[in-house]
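Text of the file entry_37.cif, holding mmCIF, C-alpha atoms:
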data_my_file
#
loop_
_atom_site.label_atom_id
_atom_site.label_comp_id
_atom_site.auth_asym_id
_atom_site.auth_seq_id
_atom_site.Cartn_x
_atom_site.Cartn_y
_atom_site.Cartn_z
CA MET Y 12 -8.09 -3.00 2.79
CA LYS Y 13 -8.15 0.43 4.39
CA GLY Y 14 -4.98 2.17 5.51
CA GLN Y 15 -5.82 1.99 9.22
CA MET Y 16 -6.17 -1.82 9.02
CA LYS Y 17 -2.71 -2.39 7.59
CA ASN Y 18 0.31 -3.52 9.57
CA ARG Y 19 3.06 -0.92 9.37
CA TRP Y 20 5.78 -3.57 9.61
CA LEU Y 21 4.33 -5.30 6.55
CA ILE Y 22 4.37 -1.90 4.84
CA ALA Y 23 8.11 -1.78 5.66
CA LEU Y 24 8.55 -5.34 4.35
CA SER Y 25 6.83 -4.36 1.10
CA ALA Y 26 9.21 -1.43 0.77
CA VAL Y 27 12.18 -3.76 1.29
CA GLY Y 28 10.82 -6.03 -1.45
CA ILE Y 29 10.78 -3.14 -3.92
CA HIS Y 30 14.24 -1.88 -2.98
CA ILE Y 31 15.90 -5.30 -3.03
CA SER Y 32 14.57 -5.75 -6.58
CA ILE Y 33 15.62 -2.40 -8.01
CA GLY Y 34 18.87 -2.42 -6.02
CA SER Y 35 20.04 -5.31 -8.20
CA VAL Y 36 21.27 -2.59 -10.58
CA TYR Y 37 24.38 -2.45 -8.36
CA ALA Y 38 25.19 -6.00 -9.48
CA TRP Y 39 25.47 -4.87 -13.12
CA SER Y 40 29.20 -5.65 -13.17
CA VAL Y 41 28.31 -9.38 -13.10
CA PHE Y 42 27.29 -9.00 -16.75
CA THR Y 43 30.48 -7.18 -17.78
CA ASN Y 44 32.76 -10.12 -18.62
CA PRO Y 45 30.02 -12.31 -20.17
CA LEU Y 46 28.93 -9.41 -22.43
CA GLN Y 47 32.53 -8.70 -23.41
CA GLN Y 48 33.15 -12.35 -24.28
CA GLN Y 49 29.88 -13.01 -26.10
CA MET Y 50 29.20 -9.64 -27.75
CA GLY Y 51 32.71 -8.20 -28.08
CA TRP Y 52 31.60 -4.87 -26.60
CA GLY Y 53 34.20 -2.74 -24.80
CA LEU Y 54 34.33 -2.14 -21.06
CA LYS Y 55 33.39 1.55 -21.39
CA GLN Y 56 30.44 0.69 -23.62
CA ILE Y 57 29.10 -1.83 -21.14
CA SER Y 58 29.76 0.36 -18.08
CA PHE Y 59 27.89 3.25 -19.71
CA THR Y 60 24.70 1.17 -19.40
CA PHE Y 61 24.98 1.38 -15.61
CA SER Y 62 25.78 5.11 -15.66
CA LEU Y 63 22.75 5.71 -17.88
CA ALA Y 64 20.49 3.76 -15.50
CA ILE Y 65 21.68 5.84 -12.50
CA LEU Y 66 21.22 9.05 -14.50
CA PHE Y 67 17.61 8.16 -15.32
CA LEU Y 68 17.07 7.06 -11.72
CA GLY Y 69 17.79 10.60 -10.59
CA LEU Y 70 15.90 12.27 -13.43
CA SER Y 71 12.77 10.12 -13.10
CA ALA Y 72 12.78 10.50 -9.31
CA ALA Y 73 12.77 14.27 -9.79
CA PHE Y 74 10.19 14.49 -12.58
CA LEU Y 75 7.84 11.77 -11.31
CA GLY Y 76 7.90 12.71 -7.63
CA HIS Y 77 4.65 14.63 -8.07
CA PHE Y 78 3.14 11.59 -9.80
CA VAL Y 79 3.94 9.48 -6.72
CA GLU Y 80 2.27 12.03 -4.43
CA LYS Y 81 -0.79 12.45 -6.66
CA PHE Y 82 -1.59 8.80 -7.41
CA GLY Y 83 -0.17 7.14 -4.30
CA PRO Y 84 2.34 4.35 -3.66
CA ARG Y 85 0.24 1.50 -5.09
CA VAL Y 86 -0.08 3.08 -8.54
CA SER Y 87 3.48 4.39 -8.65
CA GLY Y 88 4.83 1.05 -7.41
CA THR Y 89 2.91 -0.72 -10.17
CA LEU Y 90 4.39 1.73 -12.69
CA SER Y 91 7.86 0.92 -11.35
CA SER Y 92 7.23 -2.82 -11.74
CA LEU Y 93 6.27 -2.33 -15.38
CA PHE Y 94 9.21 -0.10 -16.30
CA PHE Y 95 11.85 -2.06 -14.39
CA GLY Y 96 10.52 -5.48 -15.43
CA VAL Y 97 10.21 -4.52 -19.10
CA GLY Y 98 13.58 -2.75 -19.02
CA VAL Y 99 15.47 -5.74 -17.62
CA ALA Y 100 13.67 -8.25 -19.85
CA GLY Y 101 14.23 -5.95 -22.84
CA ALA Y 102 17.96 -6.12 -22.15
CA GLY Y 103 17.67 -9.81 -23.00
CA ALA Y 104 16.18 -8.89 -26.39
CA ALA Y 105 19.02 -6.39 -26.89
CA VAL Y 106 21.56 -9.17 -26.37
CA HIS Y 107 19.59 -11.50 -28.63
CA PHE Y 108 19.62 -8.93 -31.46
CA GLU Y 109 23.22 -7.90 -30.60
CA SER Y 110 22.21 -4.25 -30.29
CA LEU Y 111 24.08 -1.99 -27.89
CA LEU Y 112 21.60 0.84 -28.54
CA LEU Y 113 18.70 -1.40 -27.49
CA LEU Y 114 20.62 -2.28 -24.32
CA TYR Y 115 20.97 1.43 -23.53
CA LEU Y 116 17.27 2.00 -24.27
CA PHE Y 117 15.90 -0.91 -22.24
CA TYR Y 118 18.29 -1.23 -19.29
CA GLY Y 119 19.63 2.33 -19.20
CA VAL Y 120 16.50 4.37 -19.92
CA ILE Y 121 13.39 2.23 -19.32
CA ALA Y 122 14.73 0.25 -16.34
CA GLY Y 123 16.34 3.47 -15.10
CA ILE Y 124 12.93 5.15 -14.99
CA GLY Y 125 11.59 2.15 -13.07
CA LEU Y 126 14.50 2.55 -10.66
CA GLY Y 127 13.70 6.18 -9.91
CA VAL Y 128 9.97 5.68 -9.39
CA GLY Y 129 10.54 2.53 -7.33
CA TYR Y 130 13.16 4.20 -5.15
CA ILE Y 131 10.96 7.07 -3.96
CA THR Y 132 7.61 5.21 -3.97
CA PRO Y 133 7.77 3.63 -0.47
CA VAL Y 134 9.67 6.42 1.29
CA SER Y 135 6.96 9.02 1.95
CA THR Y 136 4.57 6.20 2.91
CA LEU Y 137 7.05 4.76 5.40
CA VAL Y 138 7.69 8.16 6.99
CA LYS Y 139 3.94 8.58 7.57
CA TRP Y 140 3.61 5.10 9.09
CA PHE Y 141 6.66 5.58 11.34
CA PRO Y 142 6.51 9.14 12.70
CA ASP Y 143 8.21 7.82 15.83
CA ARG Y 144 10.98 5.93 13.98
CA ARG Y 145 11.52 7.70 10.70
CA GLY Y 146 15.19 6.82 10.44
CA LEU Y 147 14.66 3.14 11.20
CA ALA Y 148 11.81 2.79 8.68
CA THR Y 149 13.52 4.47 5.75
CA GLY Y 150 16.79 2.82 6.73
CA LEU Y 151 15.19 -0.63 6.42
CA ALA Y 152 13.99 -0.01 2.88
CA ILE Y 153 17.12 1.71 1.63
CA MET Y 154 19.23 -0.96 3.34
CA GLY Y 155 17.52 -3.39 0.97
CA PHE Y 156 18.82 -1.35 -1.94
CA GLY Y 157 22.34 -1.46 -0.52
CA PHE Y 158 22.34 -5.20 0.17
CA ALA Y 159 20.67 -6.13 -3.13
CA SER Y 160 23.91 -6.63 -5.03
CA MET Y 161 25.14 -9.17 -2.46
CA ILE Y 162 21.94 -11.17 -2.93
CA SER Y 163 21.64 -10.72 -6.69
CA SER Y 164 25.26 -11.26 -7.78
CA PRO Y 165 25.56 -15.03 -7.10
CA ILE Y 166 22.05 -15.65 -8.47
CA MET Y 167 22.83 -13.73 -11.66
CA ASN Y 168 26.13 -15.54 -12.08
CA HIS Y 169 24.44 -18.94 -11.71
CA LEU Y 170 21.69 -18.03 -14.19
CA ILE Y 171 24.19 -16.77 -16.77
CA GLN Y 172 26.21 -19.98 -16.58
CA THR Y 173 23.09 -22.16 -16.70
CA TYR Y 174 20.76 -20.38 -19.12
CA GLY Y 175 22.85 -17.77 -20.94
CA ILE Y 176 22.78 -13.96 -20.85
CA SER Y 177 19.53 -13.31 -22.75
CA ASN Y 178 17.51 -15.85 -20.77
CA THR Y 179 18.95 -14.50 -17.53
CA PHE Y 180 17.60 -11.04 -18.35
CA TYR Y 181 14.20 -12.56 -19.23
CA ILE Y 182 14.05 -14.49 -15.95
CA LEU Y 183 15.17 -11.52 -13.86
CA GLY Y 184 12.78 -9.13 -15.60
CA GLY Y 185 9.81 -11.39 -14.91
CA THR Y 186 10.86 -12.02 -11.31
CA TYR Y 187 11.44 -8.36 -10.51
CA PHE Y 188 8.10 -7.42 -12.06
CA LEU Y 189 6.27 -9.90 -9.82
CA VAL Y 190 8.09 -8.93 -6.62
CA ILE Y 191 7.68 -5.17 -7.14
CA PHE Y 192 4.08 -5.48 -8.34
CA CYS Y 193 3.01 -7.65 -5.39
CA SER Y 194 4.87 -5.46 -2.89
CA ALA Y 195 3.24 -2.32 -4.27
CA GLN Y 196 -0.29 -3.67 -3.79
CA TYR Y 197 0.06 -3.56 0.02
CA LEU Y 198 1.44 -0.02 0.12
CA ALA Y 199 -0.97 2.68 1.29
CA PRO Y 200 -0.66 5.75 3.51
CA PRO Y 201 -2.32 5.72 6.94
CA VAL Y 202 -5.56 7.63 7.46
CA ALA Y 203 -5.23 11.30 8.40
CA GLY Y 204 -4.33 11.80 12.05
CA TRP Y 205 -3.15 8.22 12.60
CA VAL Y 206 -0.38 7.74 15.18
CA PRO Y 207 1.24 4.56 16.57
CA LYS Y 208 -0.25 2.98 19.66
CA GLY Y 209 1.05 4.67 22.80
CA PHE Y 210 1.66 8.01 21.09
CA ASP Y 211 -0.31 11.21 20.74
CA SER Y 212 0.02 13.60 17.81
CA THR Y 213 -0.91 16.79 19.63
CA VAL Y 214 -0.41 16.85 23.39
CA GLU Y 215 1.44 14.72 25.86
CA THR Y 216 -1.04 12.86 28.04
CA SER Y 217 -0.60 10.36 30.82
CA GLY Y 218 0.96 7.25 29.41
CA ASN Y 219 1.28 8.69 25.90
CA LYS Y 220 4.45 9.95 24.25
CA ARG Y 221 4.24 12.94 21.95
CA ILE Y 222 5.26 12.75 18.28
CA LYS Y 223 7.91 15.35 17.48
CA LYS Y 224 6.36 18.02 15.29
CA ASP Y 225 7.80 18.81 11.86
CA LEU Y 226 9.23 22.31 11.41
CA ARG Y 227 6.98 23.03 8.41
CA GLN Y 228 4.61 21.46 5.91
CA LEU Y 229 5.81 22.57 2.46
CA THR Y 230 5.05 21.47 -1.07
CA ALA Y 231 7.94 20.35 -3.25
CA ASN Y 232 7.92 23.60 -5.22
CA GLU Y 233 8.00 25.59 -1.99
CA ALA Y 234 10.83 23.47 -0.57
CA VAL Y 235 13.17 23.98 -3.55
CA LYS Y 236 12.98 27.73 -2.98
CA THR Y 237 14.52 27.42 0.48
CA ARG Y 238 18.23 27.45 1.23
CA GLN Y 239 17.77 24.43 3.50
CA PHE Y 240 16.84 22.34 0.45
CA TRP Y 241 19.99 23.34 -1.39
CA ALA Y 242 22.06 22.77 1.74
CA LEU Y 243 20.79 19.17 1.85
CA TRP Y 244 21.40 18.82 -1.90
CA ILE Y 245 25.03 19.94 -1.67
CA MET Y 246 25.72 17.79 1.40
CA LEU Y 247 24.29 14.71 -0.31
CA PHE Y 248 26.11 15.50 -3.57
CA ILE Y 249 29.50 15.71 -1.84
CA ASN Y 250 28.88 12.56 0.21
CA ILE Y 251 27.79 10.55 -2.85
CA THR Y 252 30.46 11.95 -5.19
CA CYS Y 253 33.28 10.94 -2.88
CA GLY Y 254 31.63 7.61 -1.99
CA ILE Y 255 31.06 6.61 -5.61
CA ALA Y 256 34.58 7.72 -6.48
CA ILE Y 257 36.03 5.46 -3.78
CA LEU Y 258 33.85 2.57 -4.95
CA SER Y 259 35.06 3.00 -8.52
CA VAL Y 260 38.80 2.98 -7.68
CA ALA Y 261 39.00 1.10 -4.36
CA SER Y 262 40.96 -1.85 -5.73
CA PRO Y 263 43.72 0.00 -7.65
CA MET Y 264 43.93 2.66 -4.92
CA ALA Y 265 44.51 0.07 -2.18
CA GLN Y 266 47.14 -1.68 -4.29
CA GLU Y 267 48.96 1.59 -4.99
CA LEU Y 268 48.85 3.13 -1.51
CA VAL Y 269 49.37 0.14 0.79
CA GLY Y 270 50.69 -2.46 -1.64
CA ILE Y 271 48.11 -5.18 -1.01
CA THR Y 272 47.61 -7.89 -3.62
CA ALA Y 273 44.92 -7.78 -6.27
CA ALA Y 274 43.15 -10.70 -4.57
CA SER Y 275 43.14 -8.93 -1.19
CA ALA Y 276 41.89 -5.74 -2.84
CA ALA Y 277 39.05 -7.68 -4.48
CA THR Y 278 38.08 -9.11 -1.09
CA MET Y 279 38.10 -5.62 0.39
CA VAL Y 280 35.78 -4.38 -2.36
CA GLY Y 281 33.34 -7.21 -1.66
CA ILE Y 282 33.27 -6.43 2.06
CA MET Y 283 32.69 -2.75 1.26
CA GLY Y 284 29.23 -3.71 -0.01
CA LEU Y 285 28.40 -5.20 3.40
CA PHE Y 286 29.32 -1.97 5.19
CA ASN Y 287 27.52 0.12 2.59
CA GLY Y 288 24.32 -1.82 3.30
CA SER Y 289 24.67 -2.06 7.08
CA GLY Y 290 25.53 1.64 7.33
CA ARG Y 291 22.13 2.47 5.87
CA ILE Y 292 20.19 0.90 8.73
CA LEU Y 293 22.78 1.73 11.43
CA TRP Y 294 23.07 5.48 10.85
CA ALA Y 295 19.38 5.94 10.03
CA THR Y 296 18.45 4.28 13.32
CA ILE Y 297 21.01 6.34 15.25
CA SER Y 298 19.51 9.48 13.70
CA ASP Y 299 16.23 8.74 15.51
CA TYR Y 300 18.06 9.16 18.81
CA ILE Y 301 20.62 11.93 18.20
CA GLY Y 302 18.88 13.77 15.35
CA ARG Y 303 19.62 14.07 11.64
CA PRO Y 304 21.78 17.24 11.93
CA ASN Y 305 24.12 15.49 14.37
CA VAL Y 306 24.42 12.41 12.14
CA TYR Y 307 25.46 14.42 9.09
CA THR Y 308 27.92 16.47 11.12
CA LEU Y 309 29.47 13.21 12.35
CA PHE Y 310 29.62 11.89 8.75
CA PHE Y 311 31.56 14.87 7.52
CA ALA Y 312 33.81 15.37 10.54
CA PHE Y 313 34.91 11.73 10.38
CA GLN Y 314 35.49 11.77 6.63
CA ILE Y 315 37.59 14.94 6.78
CA VAL Y 316 39.98 13.06 9.06
CA ALA Y 317 39.64 9.74 7.22
CA PHE Y 318 40.50 11.06 3.77
CA PHE Y 319 43.33 13.13 5.23
CA VAL Y 320 45.03 10.19 6.96
CA LEU Y 321 44.39 7.48 4.34
CA PRO Y 322 47.35 8.49 2.10
CA ASN Y 323 49.73 8.08 5.06
CA ILE Y 324 48.57 4.62 6.14
CA THR Y 325 50.85 1.74 5.22
CA VAL Y 326 49.07 -1.12 7.02
CA GLY Y 327 46.53 -2.89 4.80
CA ILE Y 328 44.08 -3.89 7.54
CA LEU Y 329 43.93 -0.35 8.98
CA PHE Y 330 43.45 1.08 5.50
CA SER Y 331 40.56 -1.35 4.91
CA ILE Y 332 38.87 -0.54 8.23
CA ILE Y 333 38.86 3.19 7.48
CA VAL Y 334 37.47 2.56 3.98
CA TYR Y 335 34.72 0.37 5.50
CA MET Y 336 33.80 3.21 7.89
CA ILE Y 337 33.64 5.61 4.95
CA MET Y 338 31.26 3.19 3.26
CA THR Y 339 28.92 3.24 6.27
CA CYS Y 340 28.77 7.04 5.97
CA TYR Y 341 28.13 6.73 2.23
CA GLY Y 342 25.21 4.36 2.77
CA GLY Y 343 23.96 6.26 5.81
CA GLY Y 344 23.73 9.44 3.78
CA PHE Y 345 21.14 7.82 1.51
CA SER Y 346 19.00 6.37 4.29
CA SER Y 347 19.01 9.40 6.61
CA ILE Y 348 18.05 11.99 3.99
CA PRO Y 349 14.32 11.10 3.72
CA ALA Y 350 13.84 11.51 7.47
CA TYR Y 351 15.81 14.79 7.36
CA ILE Y 352 13.48 16.00 4.59
CA GLY Y 353 10.47 15.09 6.73
CA ASP Y 354 11.89 16.97 9.72
CA LEU Y 355 12.54 20.13 7.69
CA PHE Y 356 9.70 20.21 5.16
CA GLY Y 357 7.04 17.84 6.53
CA THR Y 358 5.30 14.92 4.87
CA LYS Y 359 2.85 16.78 2.60
CA GLN Y 360 4.93 16.09 -0.52
CA LEU Y 361 7.93 14.23 0.89
CA GLY Y 362 8.16 11.86 -2.08
CA ALA Y 363 8.37 14.74 -4.56
CA ILE Y 364 10.95 16.61 -2.45
CA HIS Y 365 12.96 13.40 -2.10
CA GLY Y 366 12.84 13.04 -5.87
CA TYR Y 367 14.25 16.53 -6.34
CA ILE Y 368 17.01 15.83 -3.80
CA LEU Y 369 17.99 12.64 -5.63
CA THR Y 370 19.13 14.67 -8.64
CA ALA Y 371 22.26 15.01 -6.49
CA TRP Y 372 22.71 11.25 -6.94
CA ALA Y 373 22.34 11.49 -10.72
CA ALA Y 374 24.88 14.31 -10.85
CA ALA Y 375 27.30 12.55 -8.50
CA GLY Y 376 27.00 9.31 -10.46
CA LEU Y 377 28.33 11.10 -13.52
CA VAL Y 378 30.83 13.40 -11.77
CA GLY Y 379 32.34 11.03 -9.17
CA PRO Y 380 34.20 8.48 -11.34
CA ILE Y 381 35.25 11.14 -13.89
CA PHE Y 382 36.41 13.49 -11.13
CA VAL Y 383 38.55 10.89 -9.36
CA SER Y 384 40.14 9.79 -12.64
CA TRP Y 385 40.92 13.40 -13.60
CA ILE Y 386 42.55 14.16 -10.23
CA ARG Y 387 44.50 10.89 -10.40
CA GLU Y 388 45.84 11.75 -13.85
CA THR Y 389 46.56 15.37 -12.87
CA THR Y 390 48.36 14.66 -9.60
CA GLY Y 391 49.83 11.30 -10.64
CA SER Y 392 48.72 9.68 -7.39
CA TYR Y 393 45.63 8.78 -5.40
CA ARG Y 394 47.11 10.72 -2.48
CA GLY Y 395 46.14 14.00 -4.07
CA THR Y 396 42.66 12.66 -4.78
CA LEU Y 397 42.05 11.80 -1.13
CA LEU Y 398 43.25 15.21 0.05
CA VAL Y 399 40.85 16.93 -2.36
CA PHE Y 400 38.02 14.81 -0.94
CA SER Y 401 39.01 15.85 2.56
CA GLY Y 402 38.70 19.48 1.44
CA LEU Y 403 35.25 18.83 -0.03
CA PHE Y 404 34.08 17.42 3.28
CA ILE Y 405 35.22 20.59 5.04
CA ILE Y 406 32.70 22.42 2.84
CA ALA Y 407 30.03 19.81 3.66
CA LEU Y 408 30.76 20.11 7.39
CA ALA Y 409 30.42 23.89 7.25
CA ILE Y 410 27.05 23.58 5.52
CA SER Y 411 25.88 20.98 8.05
CA LEU Y 412 26.66 23.47 10.83
CA LEU Y 413 25.07 26.44 9.08
CA ILE Y 414 21.80 24.58 8.49
CA ARG Y 415 21.52 24.19 12.27
CA VAL Y 416 21.15 27.98 12.55
CA ASP Y 417 18.11 27.88 10.27
CA ILE Y 418 16.66 24.91 12.17
CA LYS Y 419 17.06 26.78 15.45
CA LYS Y 420 15.28 29.85 14.02
CA LEU Y 421 12.44 27.75 12.60
CA ARG Y 422 12.01 25.90 15.87
CA ALA Y 423 11.90 29.17 17.79
CA LEU Y 424 9.35 30.53 15.31
CA ASN Y 425 7.14 27.48 15.86
CA GLU Y 426 7.22 28.11 19.60
CA THR Y 427 6.32 31.80 19.21
CA PRO Y 428 2.68 32.87 19.70
CA VAL Y 429 0.75 33.42 16.46
CA VAL Y 430 0.66 37.27 16.73
CA ASN Y 431 4.40 37.52 17.33
CA LYS Y 432 5.01 34.95 14.58
CA MET Y 433 3.30 37.18 11.99
CA ASP Y 434 5.41 40.14 13.15
CA ASN Y 435 8.57 38.03 12.79
CA LEU Y 436 7.59 36.92 9.30
CA LYS Y 437 6.99 40.55 8.24
CA SER Y 438 10.34 41.69 9.59
CA SER Y 439 12.34 38.85 7.98
#

For the structure just supplied, provide its representation as structure tokens.
Amino acid sequence: MKGQMKNRWLIALSAVGIHISIGSVYAWSVFTNPLQQQMGWGLKQISFTFSLAILFLGLSAAFLGHFVEKFGPRVSGTLSSLFFGVGVAGAGAAVHFESLLLLYLFYGVIAGIGLGVGYITPVSTLVKWFPDRRGLATGLAIMGFGFASMISSPIMNHLIQTYGISNTFYILGGTYFLVIFCSAQYLAPPVAGWVPKGFDSTVETSGNKRIKKDLRQLTANEAVKTRQFWALWIMLFINITCGIAILSVASPMAQELVGITAASAATMVGIMGLFNGSGRILWATISDYIGRPNVYTLFFAFQIVAFFVLPNITVGILFSIIVYMIMTCYGGGFSSIPAYIGDLFGTKQLGAIHGYILTAWAAAGLVGPIFVSWIRETTGSYRGTLLVFSGLFIIALAISLLIRVDIKKLRALNETPVVNKMDNLKSS
């Protein structure tokens, strides 16, 4: 089936299928207690499996981004299905042989590589199919990743109780392989020059809306040499670091600061997942209307205030509402970044650039929980931790404002006649 004959909404559905499968990694904690009871492994040993998977997600996304661009979404999606399916199923063998090292190898490394390839595979394709709704399209897929734990957790728990840990990994590995593999077969980029019905890619004609032009068309290696790339990297790193840190300590922090019960704190943590997922589609869609720069500025401005006031709140429900809003910003940061990349650097190698950007996720996944624990131990309270986060978001806000200056210059350069443009380039 040729690209022009495909339905772009089915392309989006295929992307959701991939992300819902790989997003099940966020339900890893379901295995924690069963593994402790059956294998006698410690909490840190089991949790390291998840950290390792996130690390290899970021690393594989960065190193295999060019592979995705070269061979296309069908091949890279198939590769993801193999790595993730084998990795999850192999975790069952690791439990069977009672080997923690095998668990790290299969779930942490092999499944982690499948995670990274699967995460970036649909994104550049979706951006090309939805030039008019970039935020919505990428938000749909990445929303699937955010909601996956809510879908997977009860299923995993039922399978563990019914069939045991090893068999659960075997069943999940086979299922994820089939879903990702089948989803990948429908993925394909549109033919060159394709635009949605009712739009025109070059000029505005009667009855046709014009597609907003990208500022540039850069390769991944060209993009990483720009300060705009590193501005996006730092903004995403700060947003993820603080978000992951809050996720890792939400329950004890709420109990310490506002005195809610452990049961209420557990409920709050569960609801946080809902806002994390819904924030991905909400903010990405909003970005189509108000622009990506405005969305990130709103993220950071709100979180500066939120983290500053949280230590002084004594009412549990108000504390929870603010944390939920922070979670929407955390999720929205993931879903809005691919469209932001497309706006700044074009779609030529968006998947590879996205892969490079996601190294911020790998770094934040390691730094966030360690950082929050260190500040907590140093200051003796979560109050100090939240104030430090507020300070970090001041830096992120400043960067989000500075990048607007570059965007304005690039936009002006695009509107300058070719002769004057060459003179401007020589003088800069």

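Selection by the PyMOL selection byres ((chain Y and resi 364) around 9) on the present file picks out Y:Ala73, Y:Gly76, Y:His77, Y:Thr230, Y:Ala231, Y:Asn232, Y:Ala234, Y:Val235, Y:Phe240, Y:Pro349, Y:Ile352, Y:Phe356, Y:Gln360, Y:Leu361, Y:Gly362, Y:Ala363, Y:His365, Y:Gly366, Y:Tyr367, Y:Ile368, Y:Leu369.
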
Give me the residues near His30 (chain Y) as a PDB file with C-alpha atoms, in the frame of the given file, where near means some atom within 8 Å (using only C-alpha atoms) and where sequence neighbours in that chain fewer than 6 positions away do not count.
ATOM      1  CA  GLY Y 129      10.540   2.530  -7.330  1.00  0.00           C
ATOM      2  CA  TYR Y 130      13.160   4.200  -5.150  1.00  0.00           C
ATOM      3  CA  ALA Y 152      13.990  -0.010   2.880  1.00  0.00           C
ATOM      4  CA  ILE Y 153      17.120   1.710   1.630  1.00  0.00           C
ATOM      5  CA  GLY Y 155      17.520  -3.390   0.970  1.00  0.00           C
ATOM      6  CA  PHE Y 156      18.820  -1.350  -1.940  1.00  0.00           C
ATOM      7  CA  ALA Y 159      20.670  -6.130  -3.130  1.00  0.00           C
TER       8      ALA Y 159
END

Exercise for review: Return as a VMD selection string the set of residues that the PyMOL selection byres ((chain Y and resi 311) around 8) yields on the displayed structure.
Suggested key: chain Y and resid 307 to 310 312 to 315 404 to 405 407 to 408

Review point. Please, what distance in Å, to one decimal, runs between CA of Ala277 (chain Y) and CA of Ser262 (chain Y)?
Key: 6.3 Å

**Study point:** Option closest in space to Ile255 (chain Y), from Y:Phe141, Y:Phe382, Y:Phe74, Y:Trp52 [counting only C-alpha atoms]
**Key:**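 Closest to Ile255 (chain Y) of all the choices is Y:Phe382.
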
Given the file shown, enumerate the residues that the PyMOL selection byres ((chain Y and resi 322) around 9) captures and present them as a compact mmCIF listing (two decimals) with C-alpha atoms, keeping the file's coordinate frame.
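Listed below is the output, out-v1.txt:
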# COMPACT_ATOMS: atom_id res chain seq x y z
CA LEU Y 268 48.85 3.13 -1.51
CA VAL Y 269 49.37 0.14 0.79
CA PHE Y 318 40.50 11.06 3.77
CA PHE Y 319 43.33 13.13 5.23
CA VAL Y 320 45.03 10.19 6.96
CA LEU Y 321 44.39 7.48 4.34
CA ASN Y 323 49.73 8.08 5.06
CA ILE Y 324 48.57 4.62 6.14
CA THR Y 325 50.85 1.74 5.22
CA TYR Y 393 45.63 8.78 -5.40
CA ARG Y 394 47.11 10.72 -2.48
CA GLY Y 395 46.14 14.00 -4.07
CA LEU Y 397 42.05 11.80 -1.13
CA LEU Y 398 43.25 15.21 0.05

Practice item. Can you work out which one of Y:Thr136, Y:Ser71, Y:Ser194, Y:Ser35 has the shortest atom-to-atom distance to Phe94 (chain Y), counting all atoms listed in the file? Key: Y:Ser71

**Study point:** Separation of CA of Phe95 (chain Y) from CA of Gly357 (chain Y) in Å
**Key:**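 Atom-to-atom, CA of Gly357 (chain Y) to CA of Phe95 (chain Y), that is 29.3 Å.
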
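If only C-alpha atoms are the atoms counted, then among Y:Phe192, Y:Tyr197, Y:Leu170, Y:Leu226 the closest residue to Glu426 (chain Y) is Y:Leu226.
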
Check your understanding: Which is closer to Lys81 (chain Y) than all the others in Y:Thr132, Y:Asp225, Y:Gly146, Y:Ile182, using all atoms listed in the file?
Key -> Y:Thr132

Practice item. Considering all atoms listed in the file, return as a PyMOL selection string whatever protein or nucleic-acid residues lie within 9 Å of region 55-58 of chain Y, sequence-local ones (same chain, fewer than 6 positions apart) excluded. Key: chain Y and resi 39-40+42-43+46-47+111

Check your understanding: With distances taken over only C-alpha atoms, which of Y:Ser289, Y:Asn168, Y:Ser160, Y:Ser177 is nearest to Gln49 (chain Y)?
Key -> Y:Ser177

Practice item. Would you mind telling me which residue in Y:Glu109, Y:Asp299, Y:Glu80, Y:Asp143 lies nearest to Ile131 (chain Y) when using all atoms listed in the file? Key: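 Answer, going by the shortest atom-to-atom distance: Y:Glu80.
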
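Separating CA of Arg85 (chain Y) from CA of Val27 (chain Y) is a distance of 14.5 Å.
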
Practice item. Please identify all polymer residues within 9 Å of Gly343 (chain Y), counting all atoms listed in the file, omitting same-chain residues fewer than 3 positions from it, and present them as a PyMOL selection string. Key: chain Y and resi 150+154+287-295+306-307+310+338-340+346-348

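Close to (7.0, 8.2, -11.3), meaning no more than 6 Å away when counting all atoms listed in the file, sit the residues Leu75, Gly76, Phe78, Val79, Ser87 and Val128 of chain Y.
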
Can you write region 306-310 of chain Y from the block above with N, CA, C and O atoms, as a compact mmCIF listing (two decimals), in the first residue's frame?
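What landed in out_8.txt:
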# COMPACT_ATOMS: atom_id res chain seq x y z
N VAL Y 306 3.65 27.62 24.98
CA VAL Y 306 3.33 26.50 25.87
C VAL Y 306 4.44 26.25 26.87
O VAL Y 306 4.19 26.10 28.08
N TYR Y 307 5.69 26.25 26.41
CA TYR Y 307 6.79 26.00 27.34
C TYR Y 307 6.98 27.14 28.32
O TYR Y 307 7.33 26.93 29.48
N THR Y 308 6.75 28.36 27.87
CA THR Y 308 6.82 29.49 28.80
C THR Y 308 5.75 29.37 29.88
O THR Y 308 6.02 29.62 31.06
N LEU Y 309 4.55 28.93 29.50
CA LEU Y 309 3.48 28.71 30.48
C LEU Y 309 3.86 27.59 31.45
O LEU Y 309 3.63 27.71 32.67
N PHE Y 310 4.43 26.48 30.93
CA PHE Y 310 4.90 25.39 31.80
C PHE Y 310 5.77 25.93 32.92
O PHE Y 310 5.55 25.67 34.11
